[in-house]
Amino acid sequence: MASTVYFTGMHSRSLDNNKCAKVARLCDALQLKKVLKRNELAAVKIHFGEYGNDTHIKPMFARVAVDKMKAAGVKPFLTDTTTLYSGTRHNAVDHLHTAYLHGFTPETVGAPVIIADGLYGEEDVPVRINCKHFKEVRIAAAIRRVPSMVVLSHFKGHEMAGFGGAIKNLAMGGASVAGKRDQHGVHVQIDDSLCVGCGRCVKVCPQKALSLVNGKSHVDVSRCIGCFECITVCPVRPNKAISIDWSSEMVPFVERLTEYAYGAVKGKQKHVCYINFVLNVTPDCDCVGWSDMPLVPDIGILASMDPVALDQACFDLVNKAPAFDPKIADAKTDKFTARWPHTKGEVQLSYGEAIGLGSREYKLEKI
C-alpha cells in the first residue's frame, strides 16, 4: 500500500509562502496532535552539522517544528548523538558547543538541546530486532526512551552510504558510539602505491590506529574501529589511498545501517514523523567540516509518516532534477552512485522495505 508523502516546492513570492511557512504547513499535514503523545517529552532528531559545514538544516526551520510541537501539547527537545570519529562532536560538551555555534541555542530554537547518548556516547538501551545482521541494537538512551519524535533530515549524498536522509539520520544518528561501531563493522586498508604520506589520516584517527611508517600510512587493524574519517580526509584522487573492500563490504554495511534505523523507532512507529529538506544536496554528509557545491538545484521540502517512502520520494526527485556536474548528468545510474561509484545507497530503500521499516511505494501530495 502506498504511503503518503507531502511535498512543497521552492517557489515563493509572499511572506506566507516562505520556507518557514512551508515547514509549518508540512507539520499541519502530519497532524502532530495525533502523532505525538500529549503532555510527554518529544524529541526533534536533527544533525547540527560538523563545525565549518554550512549546509545543515537551518535553526529557524527547527524552531518552526518546535513551536508546532508545543502547540500539539508536547515538551520538545532537540537531540543528536556523539560521533565515532574525531571532530567537533566527539563528546557531549564539544557537540553542544558546535550546535550553539551553528545557531541551535535554546533561545533560538525554543527548546533545550540534549545529546542523546550521554557525555561520551556510552548511554544506550538494547533493542531487540531479530534481523539478519543484528538480533539486538544499541540505541541512544534518550532516543529510545522518548515516546515520540519528529525527525528533521537534510537529504544529501554520502561517501559511504550513497545518500543520507531519514533512514541514515535514524541509524547512525540514533545509535550510541558502540552502535555506530556495530554498523561500520570493518577496518580500512592502505594502498602503498597511492599513499603520499601526508599524515592527514593519522591526525584524525580517534583510536590512533594509523601511523606513518617509512613515509607511508600504516593501519593497526586491531585498533581500527572503521569510522571511515581517514577515507574522508585522504586527499588522493580519484582513487583514494585508504579504502575498504568496496565489492564485498558495501551491501552489508548499508543493511546494518538500515537495521539500526528500524531499531531506533521500533515500538513507536506511529508516534514518529519525518521531514526531509532536499536543499543544498551536497555530495557529502553534514559530518564533514565543509560544504561542497550541490549536485542539483534546490528541490523542496517533503514530509511523511514513512521514512522509506520519504527517502524514496527524495531519491526520485533528485534523480529527475538537472545536475550541475555534466559527469553526473550523463551517468547511466542514479546521481548518488554516479558521484560515489562504490556505494549501494538504494539498499537502504529495498532492505528497509524488506524488514518492515516502511514502503517504497508512495503517493506525492503537493501542499
# chains A, B, ... in the order shown; residues from 1 in each chain; ligands from 1
call {"tool": "select_by_dssp", "arguments": {"residues": "range 206-347 of chain A", "states": "strand (DSSP E or B)", "output": "list in words"}}
result
Leu210, Ser211, Leu212, Val213, Lys216, Ser217, His218, Val219, Ile242, Ser243, Val272, Cys273, Tyr274, Ile275, Asn276, Phe277, Val278, Gly300, Ile301, Leu302, Ala303 and Ser304 of chain A
call {"tool": "residues_around", "arguments": {"residues": "range 203-217 of chain A", "least_positions_apart": "3", "cutoff": "9 Å", "atoms": "only C-alpha atoms", "output": "PyMOL selection string"}}
result
chain A and resi 84-87+190-192+195-200+220-225+227-230+233+241-242
call {"tool": "write_last_selection", "arguments": {"atoms": "N, CA and C atoms", "output": "JSON list (two decimals), in the first residue's frame"}}
result
[["chain", "number", "residue", "atom", "x", "y", "z"],
["A", 84, "LEU", "N", 31.49, 8.72, 16.17],
["A", 84, "LEU", "CA", 32.50, 7.68, 16.29],
["A", 84, "LEU", "C", 33.89, 8.22, 15.96],
["A", 85, "TYR", "N", 33.93, 9.10, 14.98],
["A", 85, "TYR", "CA", 35.20, 9.68, 14.53],
["A", 85, "TYR", "C", 35.57, 10.90, 15.38],
["A", 86, "SER", "N", 36.81, 11.33, 15.26],
["A", 86, "SER", "CA", 37.24, 12.55, 15.95],
["A", 86, "SER", "C", 36.64, 13.74, 15.23],
["A", 87, "GLY", "N", 36.51, 14.85, 15.90],
["A", 87, "GLY", "CA", 35.93, 16.03, 15.28],
["A", 87, "GLY", "C", 35.36, 16.94, 16.35],
["A", 190, "ILE", "N", 45.22, 0.13, 3.35],
["A", 190, "ILE", "CA", 46.06, 1.16, 2.73],
["A", 190, "ILE", "C", 46.69, 0.62, 1.44],
["A", 191, "ASP", "N", 46.64, 1.43, 0.40],
["A", 191, "ASP", "CA", 47.35, 1.10, -0.84],
["A", 191, "ASP", "C", 48.64, 1.91, -0.86],
["A", 192, "ASP", "N", 49.77, 1.25, -0.57],
["A", 192, "ASP", "CA", 51.06, 1.94, -0.50],
["A", 192, "ASP", "C", 51.42, 2.65, -1.80],
["A", 195, "CYS", "N", 49.49, 6.01, -1.52],
["A", 195, "CYS", "CA", 49.68, 6.87, -0.35],
["A", 195, "CYS", "C", 50.81, 7.87, -0.59],
["A", 196, "VAL", "N", 50.55, 9.15, -0.28],
["A", 196, "VAL", "CA", 51.55, 10.21, -0.46],
["A", 196, "VAL", "C", 52.19, 10.60, 0.86],
["A", 197, "GLY", "N", 51.81, 9.93, 1.95],
["A", 197, "GLY", "CA", 52.44, 10.19, 3.24],
["A", 197, "GLY", "C", 52.14, 11.55, 3.83],
["A", 198, "CYS", "N", 50.96, 12.10, 3.54],
["A", 198, "CYS", "CA", 50.63, 13.44, 4.04],
["A", 198, "CYS", "C", 50.33, 13.46, 5.52],
["A", 199, "GLY", "N", 49.90, 12.34, 6.08],
["A", 199, "GLY", "CA", 49.62, 12.25, 7.51],
["A", 199, "GLY", "C", 48.27, 12.75, 7.95],
["A", 200, "ARG", "N", 47.42, 13.17, 7.02],
["A", 200, "ARG", "CA", 46.10, 13.66, 7.42],
["A", 200, "ARG", "C", 45.28, 12.59, 8.14],
["A", 220, "ASP", "N", 46.87, -0.26, 12.04],
["A", 220, "ASP", "CA", 46.85, -1.34, 13.02],
["A", 220, "ASP", "C", 45.41, -1.83, 13.09],
["A", 221, "VAL", "N", 45.12, -2.94, 12.43],
["A", 221, "VAL", "CA", 43.74, -3.39, 12.30],
["A", 221, "VAL", "C", 43.14, -3.78, 13.65],
["A", 222, "SER", "N", 43.97, -4.07, 14.62],
["A", 222, "SER", "CA", 43.45, -4.42, 15.95],
["A", 222, "SER", "C", 42.87, -3.22, 16.66],
["A", 223, "ARG", "N", 43.26, -2.00, 16.23],
["A", 223, "ARG", "CA", 42.76, -0.78, 16.85],
["A", 223, "ARG", "C", 41.69, -0.08, 16.01],
["A", 224, "CYS", "N", 41.68, -0.34, 14.70],
["A", 224, "CYS", "CA", 40.76, 0.35, 13.79],
["A", 224, "CYS", "C", 39.31, 0.00, 14.12],
["A", 225, "ILE", "N", 38.45, 1.01, 14.23],
["A", 225, "ILE", "CA", 37.03, 0.78, 14.51],
["A", 225, "ILE", "C", 36.16, 1.07, 13.29],
["A", 227, "CYS", "N", 35.64, 3.91, 11.46],
["A", 227, "CYS", "CA", 34.82, 5.13, 11.46],
["A", 227, "CYS", "C", 34.84, 5.83, 10.10],
["A", 228, "PHE", "N", 35.85, 5.50, 9.27],
["A", 228, "PHE", "CA", 35.97, 5.98, 7.89],
["A", 228, "PHE", "C", 36.37, 7.46, 7.77],
["A", 229, "GLU", "N", 36.70, 8.10, 8.89],
["A", 229, "GLU", "CA", 37.12, 9.50, 8.81],
["A", 229, "GLU", "C", 38.38, 9.64, 7.99],
["A", 230, "CYS", "N", 39.27, 8.65, 8.07],
["A", 230, "CYS", "CA", 40.52, 8.71, 7.29],
["A", 230, "CYS", "C", 40.24, 8.69, 5.80],
["A", 233, "VAL", "N", 39.20, 12.26, 4.68],
["A", 233, "VAL", "CA", 40.22, 13.31, 4.59],
["A", 233, "VAL", "C", 41.36, 12.97, 3.63],
["A", 241, "ALA", "N", 43.89, 6.46, -1.33],
["A", 241, "ALA", "CA", 44.88, 5.51, -0.84],
["A", 241, "ALA", "C", 44.33, 4.67, 0.30],
["A", 242, "ILE", "N", 43.27, 5.14, 0.94],
["A", 242, "ILE", "CA", 42.64, 4.42, 2.04],
["A", 242, "ILE", "C", 41.26, 3.97, 1.58]]
call {"tool": "residues_around", "arguments": {"residues": "Ile299 in chain A", "least_positions_apart": "6", "cutoff": "10 Å", "atoms": "only C-alpha atoms", "output": "list in words"}}
result
Phe7, Thr8, Gly9, Met10, His11, Phe277, Val278, Leu279, Asn280, Val281, Cys314, Leu317, Val318 and Ala321 of chain A
call {"tool": "closest_atom_pairs", "arguments": {"of": "range 82-167 of chain A", "to": "range 243-260 of chain A", "cutoff": "7 Å", "atoms": "only C-alpha atoms", "output": "JSON lines"}}
result
{"residue": "A:Cys131", "atom": "CA", "partner": "A:Glu259", "partner_atom": "CA", "distance": 7.0}
{"residue": "A:His133", "atom": "CA", "partner": "A:Arg256", "partner_atom": "CA", "distance": 6.2}
{"residue": "A:Val137", "atom": "CA", "partner": "A:Tyr260", "partner_atom": "CA", "distance": 6.4}
{"residue": "A:Ala161", "atom": "CA", "partner": "A:Val254", "partner_atom": "CA", "distance": 6.3}
{"residue": "A:Ile167", "atom": "CA", "partner": "A:Thr258", "partner_atom": "CA", "distance": 6.6}
call {"tool": "atom_distance", "arguments": {"atom1": "CA of Ala24 in chain A", "atom2": "CA of Val113 in chain A"}}
result
20.8 Å
call {"tool": "closest_atom_pairs", "arguments": {"of": "range 100-160 of chain A", "to": "range 67-78 of chain A", "cutoff": "9 Å", "atoms": "only C-alpha atoms", "output": "JSON lines"}}
result
{"residue": "A:Phe104", "atom": "CA", "partner": "A:Leu78", "partner_atom": "CA", "distance": 8.6}
{"residue": "A:Pro106", "atom": "CA", "partner": "A:Leu78", "partner_atom": "CA", "distance": 8.9}
{"residue": "A:Val109", "atom": "CA", "partner": "A:Leu78", "partner_atom": "CA", "distance": 8.4}
{"residue": "A:Gly110", "atom": "CA", "partner": "A:Asp67", "partner_atom": "CA", "distance": 7.4}
{"residue": "A:Ala111", "atom": "CA", "partner": "A:Phe77", "partner_atom": "CA", "distance": 5.2}
{"residue": "A:Pro112", "atom": "CA", "partner": "A:Phe77", "partner_atom": "CA", "distance": 5.0}
{"residue": "A:Val113", "atom": "CA", "partner": "A:Leu78", "partner_atom": "CA", "distance": 4.7}
{"residue": "A:Ile114", "atom": "CA", "partner": "A:Leu78", "partner_atom": "CA", "distance": 6.2}
{"residue": "A:Ile115", "atom": "CA", "partner": "A:Leu78", "partner_atom": "CA", "distance": 8.3}
{"residue": "A:Met149", "atom": "CA", "partner": "A:Pro76", "partner_atom": "CA", "distance": 8.7}
{"residue": "A:Val150", "atom": "CA", "partner": "A:Met69", "partner_atom": "CA", "distance": 8.7}
call {"tool": "residues_around", "arguments": {"residues": "range 145-148 of chain A", "least_positions_apart": "2", "cutoff": "10 Å", "atoms": "only C-alpha atoms", "output": "PyMOL selection string"}}
result
chain A and resi 35-38+40-44+74+76+116+124-125+139-143+150-151+265+267-273
call {"tool": "select_by_dssp", "arguments": {"residues": "range 127-294 of chain A", "states": "helix (DSSP H, G or I)", "output": "ChimeraX atom specification"}}
result
/A:141-145,166-174,177-184,200-204,229-233,246-265,269-271
call {"tool": "atom_distance", "arguments": {"atom1": "CA of Met160 in chain A", "atom2": "CA of Gly103 in chain A"}}
result
27.7 Å
call {"tool": "atom_distance", "arguments": {"atom1": "CA of Lys327 in chain A", "atom2": "CA of Ser153 in chain A"}}
result
26.7 Å
call {"tool": "residues_around", "arguments": {"residues": "range 50-60 of chain A", "least_positions_apart": "2", "cutoff": "7 Å", "atoms": "only C-alpha atoms", "output": "PyMOL selection string"}}
result
chain A and resi 48+62-64+88-89+98+103-104+109+154+280+286-291
call {"tool": "residues_around", "arguments": {"residues": "Ala303 in chain A", "least_positions_apart": "4", "cutoff": "7 Å", "atoms": "only C-alpha atoms", "output": "JSON, numbers by chain"}}
result
{"A": [5, 6, 7, 26, 274, 275, 276, 310]}
call {"tool": "write_last_selection", "arguments": {"atoms": "C-alpha atoms", "output": "mmCIF file, in the first residue's frame"}}
result
data_model
loop_
_atom_site.group_PDB
_atom_site.id
_atom_site.type_symbol
_atom_site.label_atom_id
_atom_site.label_comp_id
_atom_site.auth_asym_id
_atom_site.auth_seq_id
_atom_site.Cartn_x
_atom_site.Cartn_y
_atom_site.Cartn_z
ATOM 1 C CA VAL A 5 4.463 11.872 1.105
ATOM 2 C CA TYR A 6 3.693 15.574 1.354
ATOM 3 C CA PHE A 7 5.699 17.925 -0.867
ATOM 4 C CA LEU A 26 4.022 20.226 6.469
ATOM 5 C CA TYR A 274 9.665 12.798 9.288
ATOM 6 C CA ILE A 275 10.547 15.949 7.356
ATOM 7 C CA ASN A 276 13.305 15.899 4.717
ATOM 8 C CA LEU A 310 10.012 9.679 2.163
#
call {"tool": "closest_residue", "arguments": {"among": "A:Leu357, A:Ile46, A:Ala329, A:Leu30", "to": "Lys266 in chain A", "atoms": "only C-alpha atoms"}}
result
A:Leu357
call {"tool": "closest_residue", "arguments": {"among": "A:His218, A:Lys19, A:His47, A:His158", "to": "Lys335 in chain A", "atoms": "only C-alpha atoms"}}
result
A:His158
call {"tool": "closest_residue", "arguments": {"among": "A:Thr343, A:Glu361, A:Phe336, A:Met305", "to": "Gln31 in chain A", "atoms": "only C-alpha atoms"}}
result
A:Met305
